[in-house]
$ cat final00.cif   # mmCIF, C-alpha atoms
data_data
#
loop_
_atom_site.label_atom_id
_atom_site.label_comp_id
_atom_site.auth_asym_id
_atom_site.auth_seq_id
_atom_site.Cartn_x
_atom_site.Cartn_y
_atom_site.Cartn_z
CA MET A 1 -24.74 5.33 19.07
CA ALA A 2 -23.80 1.68 19.38
CA GLU A 3 -20.34 0.25 18.81
CA GLN A 4 -19.46 0.19 15.09
CA GLN A 5 -16.80 -1.81 13.25
CA LYS A 6 -15.20 -0.15 10.20
CA GLY A 7 -12.25 -2.01 8.69
CA ASN A 8 -9.61 -2.40 11.39
CA ALA A 9 -11.14 0.31 13.63
CA THR A 10 -13.88 -0.04 16.21
CA VAL A 11 -15.69 3.12 17.29
CA ALA A 12 -17.72 3.20 20.50
CA PRO A 13 -19.14 6.03 22.64
CA ALA A 14 -16.94 6.83 25.62
CA GLY A 15 -19.17 9.37 27.40
CA ASN A 16 -18.95 13.16 27.66
CA GLY A 17 -19.53 13.47 23.91
CA THR A 18 -16.29 11.65 23.03
CA LEU A 19 -15.70 8.47 21.06
CA GLN A 20 -13.28 5.66 21.84
CA VAL A 21 -11.44 4.33 18.77
CA ARG A 22 -9.73 0.91 19.02
CA LEU A 23 -7.38 -0.11 16.21
CA THR A 24 -6.53 -3.72 15.42
CA LYS A 25 -3.87 -5.23 13.14
CA PRO A 26 -4.85 -5.50 9.48
CA ASP A 27 -4.18 -9.26 9.45
CA GLY A 28 -7.42 -9.85 11.34
CA ASN A 29 -5.74 -10.57 14.68
CA ALA A 30 -7.97 -9.33 17.49
CA THR A 31 -4.99 -7.93 19.40
CA PRO A 32 -5.56 -4.16 19.70
CA VAL A 33 -2.80 -1.91 18.38
CA GLY A 34 -3.87 1.16 20.33
CA ASN A 35 -6.72 3.35 21.53
CA ALA A 36 -7.62 6.94 20.88
CA THR A 37 -10.29 9.21 22.28
CA VAL A 38 -11.81 11.51 19.69
CA THR A 39 -13.89 14.58 20.55
CA PRO A 40 -16.27 15.68 17.81
CA ALA A 41 -15.44 19.03 16.30
CA VAL A 42 -17.95 21.80 16.92
CA GLY A 43 -19.36 23.41 13.77
CA ASN A 44 -17.17 22.02 10.99
CA ALA A 45 -16.74 18.31 11.63
CA SER A 46 -13.82 17.82 9.26
CA THR A 47 -11.12 18.04 11.98
CA PRO A 48 -11.59 15.75 14.98
CA VAL A 49 -9.62 16.45 18.12
CA ALA A 50 -7.63 13.40 19.27
CA THR A 51 -6.22 12.93 22.75
CA ASN A 52 -3.54 10.37 22.03
CA SER A 53 -0.64 9.93 19.63
CA ILE A 54 -2.20 7.20 17.51
CA ALA A 55 -4.97 9.39 16.16
CA SER A 56 -2.98 12.59 16.13
CA ALA A 57 -0.02 11.01 14.30
CA GLY A 58 -2.27 10.11 11.40
CA LYS A 59 -2.60 6.38 12.14
CA ALA A 60 -6.31 6.84 12.86
CA SER A 61 -8.50 9.06 10.80
CA VAL A 62 -11.96 9.52 12.22
CA VAL A 63 -14.34 12.28 11.25
CA VAL A 64 -17.25 12.57 13.62
CA PRO A 65 -20.21 14.79 12.83
CA SER A 66 -20.92 17.16 15.65
CA THR A 67 -24.01 16.70 17.77
CA LYS A 68 -23.30 19.77 19.88
CA LYS A 69 -25.25 22.97 19.34
CA THR A 70 -23.30 25.88 17.93
CA ASP A 71 -23.77 29.58 18.64
CA THR A 72 -25.61 30.18 15.38
CA PRO A 73 -29.36 30.06 15.71
CA PRO A 74 -31.15 27.27 13.88
CA ALA A 75 -32.62 28.01 10.50
CA SER A 76 -36.21 29.03 10.97
CA ASP A 77 -39.10 30.19 8.86
CA THR A 78 -39.20 33.73 10.27
CA GLY A 79 -38.12 35.20 6.94
CA PHE A 80 -40.98 33.41 5.24
CA TRP A 81 -43.52 34.76 7.71
CA TRP A 82 -42.14 38.29 7.39
CA THR A 83 -42.58 38.04 3.63
CA VAL A 84 -46.12 36.72 4.00
CA GLY A 85 -46.97 39.50 6.47
CA LEU A 86 -45.56 42.20 4.19
CA LEU A 87 -47.46 40.84 1.20
CA ILE A 88 -50.72 40.75 3.19
CA GLY A 89 -50.08 44.33 4.36
CA LEU A 90 -49.42 45.44 0.79
CA VAL A 91 -52.65 43.83 -0.40
CA VAL A 92 -54.60 45.55 2.40
CA VAL A 93 -53.11 48.96 1.49
CA VAL A 94 -53.90 48.49 -2.23
CA VAL A 95 -57.50 47.45 -1.45
CA LEU A 96 -58.00 50.47 0.84
CA MET A 97 -56.56 52.81 -1.81
CA TRP A 98 -58.81 51.26 -4.47
CA ARG A 99 -61.94 51.60 -2.33
CA SER A 100 -61.18 55.22 -1.39
CA GLY A 101 -60.68 56.21 -5.05
CA VAL A 102 -56.99 57.07 -4.90
CA PHE A 103 -56.18 55.17 -8.11
CA HIS A 104 -59.02 56.93 -9.95
CA ARG A 105 -57.71 60.34 -8.84
CA ILE A 106 -54.20 59.40 -9.96
CA SER A 107 -55.47 58.41 -13.41
CA ILE A 108 -57.40 61.70 -13.71
CA PHE A 109 -54.25 63.62 -12.74
CA ALA A 110 -52.20 61.76 -15.40
CA GLU A 111 -54.81 62.56 -18.09
CA GLU A 112 -54.80 66.26 -17.15
CA VAL A 113 -51.00 66.39 -17.25
CA ARG A 114 -51.03 64.85 -20.72
CA GLU A 115 -53.60 67.43 -21.93
CA GLN A 116 -51.54 70.34 -20.57
CA LEU A 117 -48.34 69.01 -22.18
CA ARG A 118 -50.10 68.87 -25.55
CA LYS A 119 -50.89 72.61 -25.21
CA CYS A 120 -47.22 73.51 -24.66
CA THR A 121 -45.02 74.87 -27.40
CA TRP A 122 -41.71 73.08 -27.65
CA PRO A 123 -38.50 74.72 -28.91
CA THR A 124 -37.07 73.81 -32.26
CA GLY A 125 -33.63 72.20 -32.51
CA HIS A 126 -31.98 75.53 -33.35
CA GLU A 127 -33.64 77.30 -30.40
CA LEU A 128 -32.63 74.46 -28.07
CA ALA A 129 -28.98 74.76 -29.18
CA GLN A 130 -29.05 78.52 -28.53
CA HIS A 131 -30.45 77.99 -25.05
CA VAL A 132 -27.79 75.37 -24.25
CA VAL A 133 -25.04 77.80 -25.30
CA VAL A 134 -26.52 80.59 -23.12
CA VAL A 135 -26.69 78.26 -20.09
CA LEU A 136 -23.10 77.03 -20.56
CA LEU A 137 -21.73 80.58 -20.96
CA GLY A 138 -23.63 81.73 -17.89
CA THR A 139 -22.27 78.80 -15.89
CA LEU A 140 -18.69 79.54 -16.98
CA MET A 141 -19.04 83.25 -16.15
CA LEU A 142 -20.49 82.49 -12.70
CA GLY A 143 -17.65 80.00 -12.04
CA ALA A 144 -15.01 82.56 -13.05
CA PHE A 145 -16.61 85.24 -10.86
CA THR A 146 -16.72 82.82 -7.88
CA MET A 147 -13.05 81.86 -8.32
CA LEU A 148 -11.95 85.52 -8.62
CA SER A 149 -13.97 86.54 -5.55
CA GLU A 150 -12.55 83.67 -3.52
CA PHE A 151 -8.99 84.55 -4.60
CA ILE A 152 -9.40 88.22 -3.61
CA ALA A 153 -10.97 87.30 -0.26
CA ARG A 154 -8.23 84.74 0.49
CA GLU A 155 -5.40 87.12 -0.39
CA THR A 156 -6.97 89.93 1.63
CA VAL A 157 -7.69 87.88 4.75
CA TRP A 158 -4.66 85.58 4.83
CA GLY A 159 -2.06 87.83 3.23
CA ALA A 160 -2.90 91.37 4.32
CA LEU A 161 -4.70 90.84 7.64
CA LEU A 162 -3.02 87.71 9.04
CA ASN A 163 0.46 88.41 7.65
CA THR A 164 0.95 84.97 6.09
CA LYS A 165 2.71 84.08 2.85
CA THR A 166 0.32 84.21 -0.14
CA ILE A 167 0.64 84.85 -3.88
CA LEU A 168 0.25 88.66 -3.66
CA PHE A 169 1.73 89.17 -0.20
CA ASN A 170 5.06 87.37 -0.36
CA LYS A 171 6.48 88.09 3.08
CA ASN A 172 9.82 86.59 4.01
#
$ encode --input "final00.cif" --output "structure tokens"
Amino acid sequence: MAEQQKGNATVAPAGNGTLQVRLTKPDGNATPVGNATVTPAVGNASTPVATNSIASAGKASVVVPSTKKTDTPPASDTGFWWTVGLLIGLVVVVVLMWRSGVFHRISIFAEEVREQLRKCTWPTGHELAQHVVVVLLGTLMLGAFTMLSEFIARETVWGALLNTKTILFNKN
């Protein structure tokens, strides 16, 4: 980077990745007002790091894009090549399945399933409602039996055998 003039500021490379900023008076007088060394920010270049009071006090505002490498790897096309490889693999698998007759066997299976389902007798709406009621009552009865069995087992083990305070065995 060569020396650049921008308004009343001159920016020139100072070595070690830093920039030297020289400020002059706005009236065009070549007498320098002050100098500042600015180090480019790594990653987000919106906040330069200044090493003297002129730049850090807000009298010089220089944003320098970073030329340093960050820890994040550069964007590459590996995702693209993975996608291409997966698509090629998928095409190869489909071709092999086609040549070995897998798709034909699947279509025969689907036709046979359809034929068997046509032979089935389906319940009427009234029969379906009766079956739903039977299933719900059975579920409720099984739930009640499970809760009662668990209650009896808990009271027996914890209350009678382990001498702890339970609903039936209220020991003080």
$ atom_distance --input "final00.cif" --atom1 "CA of Thr166 in chain A" --atom2 "CA of Leu148 in chain A"
15.0 Å
$ axis_aligned_box --input "final00.cif" --around "range 136-141 of chain A" --padding-each-side "3 Å" --output "lines of an AutoDock Vina configuration file"
center_x = -21.2
center_y = 80.1
center_z = -18.4
size_x = 10.9
size_y = 12.2
size_z = 11.1
$ atom_distance --input "final00.cif" --atom1 "CA of Ile167 in chain A" --atom2 "CA of Glu150 in chain A"
13.2 Å
$ atom_distance --input "final00.cif" --atom1 "CA of Phe80 in chain A" --atom2 "CA of Val94 in chain A"
21.2 Å
